file entry_9.csv (CSV, C-alpha atoms)
chain,number,residue,atom,x,y,z
N,1,MET,CA,128.0,81.9,103.7
N,2,SER,CA,128.4,79.5,100.7
N,3,LEU,CA,126.2,76.8,102.2
N,4,GLY,CA,123.3,79.2,102.1
N,5,GLU,CA,122.3,78.6,105.7
N,6,ARG,CA,118.8,79.6,106.5
N,7,LEU,CA,118.0,81.0,109.9
N,8,PRO,CA,114.6,80.5,111.6
N,9,LEU,CA,113.4,79.9,115.1
N,10,VAL,CA,112.9,76.8,117.0
N,11,GLY,CA,109.5,75.8,118.0
N,12,TYR,CA,108.8,72.9,120.0
N,13,THR,CA,106.3,72.1,122.7
N,14,GLU,CA,103.2,74.2,123.0
N,15,MET,CA,103.2,76.2,126.2
N,16,ALA,CA,100.6,78.0,128.3
N,17,THR,CA,99.5,81.4,127.1
N,18,PRO,CA,102.2,83.9,128.2
N,19,THR,CA,101.4,86.7,130.6
N,20,MET,CA,102.8,90.2,130.6
N,21,ASN,CA,106.3,90.4,132.1
N,22,GLY,CA,107.7,93.6,133.6
N,23,SER,CA,109.2,95.1,130.4
N,24,SER,CA,106.2,94.2,128.1
N,25,LEU,CA,103.7,95.4,130.7
N,26,LEU,CA,105.5,98.7,131.2
N,27,ALA,CA,105.8,99.3,127.5
N,28,ALA,CA,102.1,98.5,126.9
N,29,GLU,CA,101.0,100.8,129.7
N,30,ALA,CA,102.8,103.7,128.0
N,31,CYS,CA,100.7,103.3,124.8
N,32,PRO,CA,97.4,105.0,123.8
N,33,PRO,CA,94.4,103.1,125.3
N,34,GLU,CA,93.4,101.6,121.9
N,35,VAL,CA,96.8,100.1,121.4
N,36,ARG,CA,97.1,99.0,125.0
N,37,GLU,CA,93.8,97.1,124.7
N,38,ILE,CA,95.0,95.3,121.5
N,39,LEU,CA,98.3,94.3,123.0
N,40,HIS,CA,96.6,93.0,126.1
N,41,ALA,CA,94.3,91.0,123.8
N,42,ALA,CA,97.3,89.6,122.0
N,43,ILE,CA,99.2,88.6,125.1
N,44,SER,CA,96.0,86.9,126.4
N,45,GLY,CA,95.9,84.7,123.3
N,46,GLU,CA,93.0,86.3,121.5
N,47,GLU,CA,93.0,86.2,117.7
N,48,LEU,CA,93.4,89.8,116.4
N,49,THR,CA,91.1,91.3,113.8
N,50,PHE,CA,92.1,93.1,110.6
N,51,GLN,CA,91.4,96.5,112.1
N,52,GLN,CA,93.5,95.7,115.2
N,53,GLY,CA,96.3,94.5,113.0
N,54,LEU,CA,96.1,97.6,110.9
N,55,THR,CA,96.5,99.7,114.0
N,56,LEU,CA,99.6,97.8,115.0
N,57,ALA,CA,101.0,98.0,111.4
N,58,THR,CA,101.5,101.7,111.7
N,59,ALA,CA,103.1,101.6,115.2
N,60,GLU,CA,105.9,104.1,115.8
N,61,GLY,CA,108.0,105.3,118.8
N,62,SER,CA,106.8,104.0,122.1
N,63,THR,CA,104.0,102.1,120.5
N,64,LEU,CA,106.5,100.2,118.3
N,65,GLU,CA,108.6,99.5,121.4
N,66,ALA,CA,105.5,98.0,123.1
N,67,LEU,CA,104.6,95.9,120.0
N,68,VAL,CA,108.2,94.6,119.9
N,69,ALA,CA,108.2,93.8,123.6
N,70,VAL,CA,104.9,91.9,123.4
N,71,ALA,CA,106.0,90.0,120.3
N,72,ASP,CA,109.2,88.9,122.0
N,73,ARG,CA,107.1,87.8,125.0
N,74,LEU,CA,104.9,85.7,122.8
N,75,ARG,CA,107.9,84.2,121.1
N,76,ARG,CA,109.4,83.2,124.4
N,77,GLY,CA,106.2,81.6,125.5
N,78,ILE,CA,105.6,79.6,122.3
N,79,VAL,CA,109.1,78.5,121.2
N,80,GLY,CA,111.4,79.3,124.1
N,81,ASP,CA,114.9,80.9,123.9
N,82,ALA,CA,116.6,78.5,121.5
N,83,ILE,CA,117.4,79.9,118.0
N,84,THR,CA,117.8,77.3,115.4
N,85,TYR,CA,119.4,77.0,111.9
N,86,VAL,CA,119.4,74.5,109.2
N,87,VAL,CA,122.6,73.9,107.2
N,88,ASN,CA,121.6,74.0,103.6
N,89,ARG,CA,122.8,75.0,100.1
N,90,ASN,CA,120.7,77.0,97.7
N,91,ILE,CA,121.0,75.8,94.1
N,92,ASN,CA,119.5,78.1,91.5
N,93,PHE,CA,119.7,75.9,88.4
N,94,THR,CA,119.2,78.7,85.9
N,95,ASN,CA,118.7,82.4,85.9
N,96,VAL,CA,117.0,82.4,82.5
N,97,CYS,CA,113.4,83.6,83.0
N,98,PHE,CA,110.6,84.9,80.8
N,99,VAL,CA,108.4,86.2,83.7
N,100,GLY,CA,110.1,89.6,84.0
N,101,CYS,CA,109.3,90.5,87.6
N,102,SER,CA,110.1,94.2,88.1
N,103,PHE,CA,111.4,93.6,91.6
N,104,CYS,CA,113.9,90.9,90.5
N,105,GLY,CA,117.6,91.4,89.9
N,106,PHE,CA,118.2,87.7,89.3
N,107,GLY,CA,116.4,86.8,86.0
N,108,ARG,CA,118.1,87.1,82.6
N,109,GLY,CA,117.0,86.7,79.0
N,110,PRO,CA,118.4,83.6,77.2
N,111,GLY,CA,120.8,85.7,75.2
N,112,ALA,CA,122.3,87.6,78.1
N,113,ALA,CA,126.1,87.4,78.6
N,114,ASP,CA,125.7,86.2,82.2
N,115,ALA,CA,122.7,83.8,81.6
N,116,TYR,CA,123.4,80.3,82.8
N,117,SER,CA,121.8,76.9,83.1
N,118,LEU,CA,123.3,74.1,85.2
N,119,SER,CA,123.3,70.5,84.0
N,120,PHE,CA,121.8,67.8,86.2
N,121,ASP,CA,125.4,66.5,86.9
N,122,GLU,CA,126.4,70.0,88.1
N,123,VAL,CA,123.4,70.3,90.4
N,124,VAL,CA,124.1,66.8,91.8
N,125,ARG,CA,127.8,67.7,92.3
N,126,ARG,CA,126.8,70.8,94.3
N,127,ALA,CA,124.3,68.8,96.4
N,128,ARG,CA,126.8,66.1,97.1
N,129,GLU,CA,129.5,68.7,98.0
N,130,ALA,CA,127.0,70.2,100.5
N,131,TRP,CA,126.1,66.9,102.0
N,132,GLU,CA,129.8,66.0,102.5
N,133,ARG,CA,130.2,69.3,104.4
N,134,GLY,CA,127.3,68.7,106.8
N,135,ALA,CA,124.3,70.1,104.9
N,136,THR,CA,120.9,68.3,105.4
N,137,GLU,CA,118.9,70.3,102.9
N,138,VAL,CA,119.3,71.6,99.4
N,139,CYS,CA,116.9,74.4,98.3
N,140,VAL,CA,116.4,74.1,94.6
N,141,GLN,CA,114.7,76.7,92.4
N,142,GLY,CA,115.4,78.7,89.3
N,143,GLY,CA,114.1,80.9,86.5
N,144,LEU,CA,111.4,79.9,84.1
N,145,PRO,CA,112.9,79.3,80.6
N,146,ARG,CA,110.3,79.1,77.8
N,147,ASP,CA,111.7,75.8,76.4
N,148,LEU,CA,111.8,73.8,79.7
N,149,ASP,CA,110.9,70.2,79.2
N,150,GLY,CA,107.8,69.1,81.0
N,151,PHE,CA,109.7,66.3,82.9
N,152,PHE,CA,112.6,68.6,83.9
N,153,TYR,CA,111.5,69.0,87.5
N,154,ARG,CA,110.7,65.4,88.1
N,155,ASN,CA,114.0,64.3,86.5
N,156,LEU,CA,116.0,66.8,88.6
N,157,LEU,CA,114.5,65.5,91.8
N,158,ARG,CA,115.2,61.9,90.8
N,159,ALA,CA,118.8,62.8,90.0
N,160,ILE,CA,119.4,64.4,93.4
N,161,LYS,CA,117.6,61.7,95.4
N,162,HIS,CA,119.3,58.9,93.5
N,163,ALA,CA,122.7,60.3,94.3
N,164,ILE,CA,121.9,61.4,97.9
N,165,PRO,CA,118.8,59.6,99.2
N,166,GLU,CA,118.9,61.1,102.7
N,167,MET,CA,119.2,64.7,101.5
N,168,HIS,CA,116.0,66.8,102.1
N,169,VAL,CA,115.0,68.5,98.9
N,170,HIS,CA,113.2,71.8,99.5
N,171,ALA,CA,112.3,72.8,96.0
N,172,PHE,CA,110.1,74.6,93.5
N,173,SER,CA,108.0,77.6,94.2
N,174,PRO,CA,104.2,77.7,93.5
N,175,MET,CA,105.1,79.6,90.3
N,176,GLU,CA,107.3,76.8,89.1
N,177,ILE,CA,104.7,74.2,90.1
N,178,ASP,CA,102.1,76.1,88.1
N,179,TYR,CA,104.5,76.2,85.2
N,180,GLY,CA,105.2,72.5,84.9
N,181,VAL,CA,105.9,70.6,88.1
N,182,THR,CA,102.7,68.5,88.0
N,183,LYS,CA,104.7,65.4,87.1
N,184,THR,CA,107.2,65.9,89.9
N,185,GLY,CA,106.9,62.4,91.4
N,186,LYS,CA,108.7,61.2,94.5
N,187,GLY,CA,111.6,63.0,96.1
N,188,LEU,CA,110.1,66.4,97.0
N,189,GLY,CA,110.5,66.9,100.7
N,190,SER,CA,108.9,70.4,101.1
N,191,ILE,CA,108.0,73.4,99.0
N,192,PRO,CA,109.3,77.0,99.4
N,193,GLY,CA,106.3,79.4,99.8
N,194,THR,CA,108.0,82.0,97.6
N,195,ALA,CA,106.3,83.7,94.6
N,196,ALA,CA,103.9,85.1,97.2
N,197,GLU,CA,105.2,88.7,97.4
N,198,ILE,CA,101.9,90.3,98.4
N,199,LEU,CA,98.8,88.1,98.0
N,200,ASP,CA,96.7,90.8,96.5
N,201,ASP,CA,96.3,90.9,92.7
N,202,ARG,CA,96.3,94.7,92.6
N,203,VAL,CA,99.7,94.8,94.1
N,204,ARG,CA,100.9,91.8,92.1
N,205,LYS,CA,100.1,93.5,88.9
N,206,GLU,CA,102.4,96.3,89.8
N,207,LEU,CA,105.2,93.9,90.8
N,208,SER,CA,104.8,91.3,88.0
N,209,PRO,CA,101.8,91.1,85.7
N,210,ASN,CA,103.0,87.7,84.5
N,211,LYS,CA,103.1,86.1,87.9
N,212,LEU,CA,100.4,83.6,89.0
N,213,PRO,CA,97.3,85.2,90.6
N,214,ALA,CA,97.0,85.1,94.4
N,215,ALA,CA,94.1,82.6,94.2
N,216,ARG,CA,96.3,80.2,92.2
N,217,TRP,CA,99.2,80.5,94.8
N,218,VAL,CA,96.7,79.6,97.5
N,219,GLU,CA,95.3,76.7,95.5
N,220,ILE,CA,98.8,75.2,94.9
N,221,ILE,CA,99.9,75.6,98.5
N,222,THR,CA,96.7,74.2,99.9
N,223,ALA,CA,97.0,71.2,97.5
N,224,ALA,CA,100.5,70.6,98.7
N,225,HIS,CA,99.4,70.6,102.3
N,226,GLU,CA,96.5,68.2,101.5
N,227,LEU,CA,99.1,65.8,100.0
N,228,GLY,CA,101.2,66.0,103.2
N,229,ILE,CA,103.9,68.2,101.7
N,230,PRO,CA,104.9,71.0,104.1
N,231,THR,CA,105.7,74.5,102.8
N,232,THR,CA,107.1,77.7,104.1
N,233,SER,CA,105.2,80.9,103.8
N,234,THR,CA,106.7,84.3,102.8
N,235,MET,CA,105.9,88.0,102.3
N,236,MET,CA,107.9,90.6,100.5
N,237,TYR,CA,107.7,94.1,102.0
N,238,GLY,CA,109.3,97.5,101.6
N,239,HIS,CA,108.3,98.3,98.0
N,240,VAL,CA,104.8,99.5,96.8
N,241,GLU,CA,102.6,97.9,99.5
N,242,GLU,CA,100.5,99.7,102.1
N,243,PRO,CA,100.0,98.6,105.7
N,244,ALA,CA,96.6,97.2,104.9
N,245,ASP,CA,98.2,94.9,102.3
N,246,LEU,CA,100.6,93.5,104.8
N,247,VAL,CA,97.8,92.8,107.3
N,248,ARG,CA,95.5,91.1,104.8
N,249,HIS,CA,98.4,89.0,103.5
N,250,ILE,CA,99.3,87.8,107.0
N,251,LEU,CA,95.7,87.1,107.9
N,252,LEU,CA,95.3,85.1,104.7
N,253,LEU,CA,98.3,82.9,105.7
N,254,ARG,CA,96.7,82.5,109.2
N,255,ALA,CA,93.5,81.3,107.6
N,256,ILE,CA,95.2,78.8,105.4
N,257,GLN,CA,97.2,77.5,108.4
N,258,LYS,CA,94.1,77.0,110.5
N,259,ARG,CA,92.6,74.8,107.7
N,260,SER,CA,95.7,72.8,106.7
N,261,GLY,CA,98.4,73.2,109.3
N,262,GLY,CA,101.0,72.8,106.5
N,263,PHE,CA,103.2,75.9,107.0
N,264,THR,CA,106.4,75.2,108.8
N,265,GLU,CA,107.3,78.9,109.2
N,266,PHE,CA,106.7,82.4,108.1
N,267,VAL,CA,109.5,84.3,106.4
N,268,PRO,CA,109.2,88.1,106.0
N,269,LEU,CA,111.5,89.2,103.1
N,270,GLY,CA,112.6,92.8,102.8
N,271,PHE,CA,112.7,94.2,99.3
N,272,ILE,CA,116.2,94.5,97.9
N,273,HIS,CA,116.0,97.4,95.5
N,274,GLU,CA,119.4,97.4,93.9
N,275,ASN,CA,119.4,96.4,90.2
N,276,THR,CA,115.6,96.2,90.0
N,277,ARG,CA,113.5,97.8,87.3
N,278,LEU,CA,110.8,98.6,89.8
N,279,TYR,CA,113.1,100.9,91.8
N,280,ARG,CA,114.9,102.4,88.8
N,281,HIS,CA,111.6,103.5,87.2
N,282,GLY,CA,110.5,105.2,90.4
N,283,GLY,CA,107.8,102.7,91.3
N,284,ALA,CA,109.1,101.6,94.7
N,285,ARG,CA,110.7,102.7,97.9
N,286,PRO,CA,114.4,101.7,98.4
N,287,GLY,CA,113.4,98.9,100.7
N,288,ALA,CA,112.5,99.0,104.4
N,289,LYS,CA,114.4,100.9,107.2
N,290,ARG,CA,115.3,99.3,110.5
N,291,GLU,CA,112.1,100.4,112.3
N,292,GLU,CA,109.9,98.9,109.5
N,293,HIS,CA,111.8,95.6,109.7
N,294,LEU,CA,111.1,95.4,113.4
N,295,ARG,CA,107.5,96.4,113.0
N,296,VAL,CA,106.9,93.7,110.3
N,297,HIS,CA,108.5,90.9,112.3
N,298,ALA,CA,106.7,91.9,115.5
N,299,LEU,CA,103.4,92.3,113.7
N,300,ALA,CA,103.7,88.9,112.1
N,301,ARG,CA,104.5,87.3,115.5
N,302,VAL,CA,101.4,88.9,117.1
N,303,LEU,CA,99.0,88.2,114.2
N,304,LEU,CA,100.2,84.6,113.7
N,305,HIS,CA,100.3,83.7,117.3
N,306,GLY,CA,98.5,80.4,117.8
N,307,ALA,CA,98.8,79.5,114.1
N,308,ILE,CA,102.3,79.6,112.7
N,309,LYS,CA,104.8,79.4,115.5
N,310,ASN,CA,108.1,79.6,113.7
N,311,LEU,CA,109.2,83.0,112.3
N,312,GLN,CA,112.3,83.0,110.2
N,313,VAL,CA,114.6,86.0,110.1
N,314,SER,CA,116.4,86.4,106.7
N,315,TRP,CA,119.9,87.4,107.8
N,316,VAL,CA,121.1,87.5,104.2
N,317,LYS,CA,118.7,90.4,103.5
N,318,LEU,CA,118.9,92.2,106.8
N,319,GLY,CA,122.5,91.8,107.9
N,320,PHE,CA,123.6,90.6,111.3
N,321,GLU,CA,122.8,93.6,113.4
N,322,THR,CA,119.2,94.1,112.2
N,323,SER,CA,118.6,90.4,112.3
N,324,LEU,CA,119.6,90.3,116.0
N,325,ALA,CA,117.2,93.1,116.7
N,326,CYS,CA,114.4,91.3,114.8
N,327,LEU,CA,115.2,88.2,116.9
N,328,GLN,CA,114.2,90.3,119.9
N,329,ALA,CA,111.0,91.4,118.1
N,330,GLY,CA,109.4,88.0,117.8
N,331,GLY,CA,111.8,86.3,115.4
N,332,GLU,CA,114.2,83.4,115.6
N,333,TYR,CA,117.1,82.4,113.2
N,334,VAL,CA,120.9,81.4,112.3
N,335,SER,CA,124.2,79.2,110.9
N,336,PRO,CA,127.3,77.5,112.2
N,337,GLU,CA,130.3,79.0,114.0
N,338,GLU,CA,129.8,82.8,113.7
N,339,PHE,CA,126.0,82.4,114.1
N,340,ARG,CA,126.4,80.5,117.3
N,341,MET,CA,128.5,83.3,118.6
N,342,LYS,CA,125.9,85.9,117.5
N,343,ILE,CA,123.1,84.0,119.1
N,344,ARG,CA,124.9,83.8,122.4
N,345,SER,CA,125.6,87.5,122.3
N,346,ILE,CA,121.8,88.2,122.9
N,347,GLY,CA,121.5,85.6,125.7
N,348,ARG,CA,119.9,82.8,123.5
N,349,VAL,CA,120.8,79.2,122.9
N,350,PRO,CA,121.9,78.0,119.4
N,351,ALA,CA,120.6,74.7,118.0
N,352,GLU,CA,120.8,72.9,114.6
N,353,ARG,CA,117.5,71.7,113.2
N,354,THR,CA,116.1,69.9,110.2
N,355,THR,CA,114.0,71.5,107.5
N,356,THR,CA,110.8,70.5,109.4
N,357,TYR,CA,112.0,71.7,112.8
N,358,LYS,CA,113.3,68.6,114.4
N,359,ILE,CA,116.2,69.4,116.6
N,360,ARG,CA,119.5,67.7,115.6
N,361,ARG,CA,121.9,69.3,118.2
N,362,ILE,CA,121.6,71.8,120.9
N,363,PHE,CA,124.8,73.8,121.7
N,364,ASP,CA,124.0,74.9,125.2
N,365,LYS,CA,127.6,75.5,126.0
N,366,PRO,CA,130.5,76.8,123.8
N,367,GLU,CA,132.6,73.8,124.8
N,368,ASN,CA,130.0,71.5,123.1
N,369,ASP,CA,130.6,73.2,119.7
N,370,PRO,CA,132.3,71.1,117.0
N,371,GLN,CA,136.1,71.4,117.2
N,372,THR,CA,136.6,72.1,113.5
N,373,ALA,CA,134.7,74.4,111.2
N,374,LEU,CA,133.2,73.1,108.0
N,375,ALA,CA,135.2,73.7,104.9
N,376,GLN,CA,133.9,76.6,103.0
N,377,LEU,CA,132.2,75.8,99.7
N,378,PRO,CA,133.5,77.6,96.6
N,379,MET,CA,131.1,80.1,95.1
N,380,ALA,CA,130.4,79.8,91.4
N,381,LEU,CA,130.8,83.0,89.5
N,382,THR,CA,127.2,82.8,88.3
N,383,GLU,CA,126.1,83.0,91.9
N,384,SER,CA,128.1,86.0,93.0
N,385,HIS,CA,126.1,88.8,91.4
N,386,VAL,CA,122.6,87.6,92.6
N,387,THR,CA,120.6,90.3,94.4
N,388,TYR,CA,117.3,88.4,94.5
N,389,ALA,CA,116.8,84.7,94.2
N,390,GLU,CA,113.8,82.7,95.3
N,391,GLY,CA,115.8,79.6,96.3
N,392,ALA,CA,116.5,80.5,99.9
N,393,TYR,CA,113.2,80.2,101.7
call {"tool": "encode", "arguments": {"input": "entry_9.csv", "output": "structure tokens"}}
result
Amino acid sequence: MSLGERLPLVGYTEMATPTMNGSSLLAAEACPPEVREILHAAISGEELTFQQGLTLATAEGSTLEALVAVADRLRRGIVGDAITYVVNRNINFTNVCFVGCSFCGFGRGPGAADAYSLSFDEVVRRAREAWERGATEVCVQGGLPRDLDGFFYRNLLRAIKHAIPEMHVHAFSPMEIDYGVTKTGKGLGSIPGTAAEILDDRVRKELSPNKLPAARWVEIITAAHELGIPTTSTMMYGHVEEPADLVRHILLLRAIQKRSGGFTEFVPLGFIHENTRLYRHGGARPGAKREEHLRVHALARVLLHGAIKNLQVSWVKLGFETSLACLQAGGEYVSPEEFRMKIRSIGRVPAERTTTYKIRRIFDKPENDPQTALAQLPMALTESHVTYAEGAY
């Protein structure tokens, strides 16, 4: 989709701690005693420990089925059956980057034939085009060129907000902020919690030695929350990480959320291996398989229960069918016409939301859908080859 619709869940009123329904109870009872005890603790609202999370992180077969059933029950209890989407456009203003992340197929050197940098006028044109077609958010990120002016980020925000004051600007990862966004000024609505990958410096050195350390990522995100700027939170999986790395990462996000309450959602991001140096040189798996996608989403729902209630499913990375399965493993997500149809196909209710999860419209019946589809935005050639970009979360 050229608008770059992001698909998360809804989340609205807090509800009483859910109890086991028939399917989740039956699935849990078929598990080994240790797993059964952990799942009962989760469904009772207990905060799971690292060791309990690690046990679930290796779930397979009937144990995975039980984990998925319990995660879906927790999802229903905390956010209901609505699946929400925000209509947005992702604008990657340049693909020139000196960082050299081994997992990235997006960044280019300044002399590359397909390197590009958009002017402020072009960024504003794309943002206005999106607004005119119903978008409420632009997600703005890019590579890190060595010669970037210190006021670039501030001036880019000003240009967008001057042209479209009501557009929500979701922009600049902690890596970009660390690089030079300290003079951002007014206009920033929220921050993407990308550049997290795995928040363990041992793993980060394998993925990208030049990336900011985990402690610096936490410092920037926490500072944003203290200033009242909400952020997403992310995790990339399916590459060189071990189950323990996933559990530690999720529990760290849980600890931050308990202190600040600033995360709007958690977004698991499956590693896309094509065109990456990390995979070509034999340093990574070729991404996750279907079972791993289900396990990660369900694990996140269970470990983050009571802390981060919105879990976004990245349909762009997973495809529709796996995304729908993840939506029944604790996740929530979607976009206009076709997405509304997909949502209804699994017995859920589509709704459009804002970036910060305020409901704009609920489409409880197909006859309430808009009569005409939004005009499709043209795709720039520079955007058509991208296999990894941080501007979507």
call {"tool": "atom_distance", "arguments": {"input": "entry_9.csv", "atom1": "CA of Arg73 (chain N)", "atom2": "CA of Glu367 (chain N)"}}
result
29.1 Å
call {"tool": "residues_around", "arguments": {"input": "entry_9.csv", "residues": "Arg277 (chain N)", "least_positions_apart": "4", "cutoff": "8 Å", "atoms": "all atoms listed in the file", "output": "count of residues only"}}
result
4
call {"tool": "residues_around", "arguments": {"input": "entry_9.csv", "residues": "Ala307 (chain N)", "least_positions_apart": "6", "cutoff": "8 Å", "atoms": "all atoms listed in the file", "output": "PDB file with C-alpha atoms, keeping the file's coordinate frame"}}
result
ATOM      1  CA  ARG N 254      96.700  82.500 109.200  1.00  0.00           C
ATOM      2  CA  GLN N 257      97.200  77.500 108.400  1.00  0.00           C
ATOM      3  CA  LYS N 258      94.100  77.000 110.500  1.00  0.00           C
ATOM      4  CA  GLY N 261      98.400  73.200 109.300  1.00  0.00           C
TER       5      GLY N 261
END
call {"tool": "atom_distance", "arguments": {"input": "entry_9.csv", "atom1": "CA of Pro243 (chain N)", "atom2": "CA of Thr58 (chain N)"}}
result
6.9 Å
call {"tool": "closest_residue", "arguments": {"input": "entry_9.csv", "among": "N:Cys326, N:Val86, N:Ile308, N:Ala195", "to": "Thr356 (chain N)", "atoms": "only C-alpha atoms"}}
result
N:Val86
call {"tool": "atom_distance", "arguments": {"input": "entry_9.csv", "atom1": "CA of Pro165 (chain N)", "atom2": "CA of Thr232 (chain N)"}}
result
22.1 Å
call {"tool": "decode", "arguments": {"input": "entry_9.csv", "residues": "region 292-305 of chain N", "atoms": "N, CA and C atoms", "output": "tab-separated table (two decimals), in the first residue's frame"}}
result
chain	number	residue	atom	x	y	z
N	292	GLU	N	7.77	-19.42	14.51
N	292	GLU	CA	8.52	-18.45	15.30
N	292	GLU	C	7.79	-17.11	15.36
N	293	HIS	N	7.18	-16.69	14.25
N	293	HIS	CA	6.39	-15.45	14.27
N	293	HIS	C	5.27	-15.55	15.31
N	294	LEU	N	4.57	-16.68	15.32
N	294	LEU	CA	3.49	-16.87	16.29
N	294	LEU	C	4.02	-16.86	17.72
N	295	ARG	N	5.14	-17.56	17.92
N	295	ARG	CA	5.71	-17.67	19.27
N	295	ARG	C	6.14	-16.29	19.80
N	296	VAL	N	6.80	-15.49	18.95
N	296	VAL	CA	7.28	-14.17	19.39
N	296	VAL	C	6.11	-13.26	19.74
N	297	HIS	N	5.07	-13.23	18.89
N	297	HIS	CA	3.93	-12.37	19.17
N	297	HIS	C	3.19	-12.81	20.43
N	298	ALA	N	3.00	-14.11	20.59
N	298	ALA	CA	2.31	-14.61	21.78
N	298	ALA	C	3.14	-14.38	23.04
N	299	LEU	N	4.45	-14.61	22.94
N	299	LEU	CA	5.34	-14.38	24.08
N	299	LEU	C	5.28	-12.92	24.51
N	300	ALA	N	5.31	-12.01	23.54
N	300	ALA	CA	5.26	-10.58	23.85
N	300	ALA	C	3.96	-10.22	24.56
N	301	ARG	N	2.85	-10.75	24.07
N	301	ARG	CA	1.55	-10.46	24.70
N	301	ARG	C	1.54	-10.92	26.15
N	302	VAL	N	2.07	-12.11	26.41
N	302	VAL	CA	2.05	-12.66	27.76
N	302	VAL	C	3.00	-11.89	28.68
N	303	LEU	N	4.22	-11.60	28.23
N	303	LEU	CA	5.20	-10.93	29.08
N	303	LEU	C	4.87	-9.45	29.30
N	304	LEU	N	4.22	-8.82	28.33
N	304	LEU	CA	3.92	-7.40	28.45
N	304	LEU	C	2.52	-7.14	29.02
N	305	HIS	N	1.81	-8.20	29.36
N	305	HIS	CA	0.46	-8.03	29.88
N	305	HIS	C	0.48	-7.16	31.14
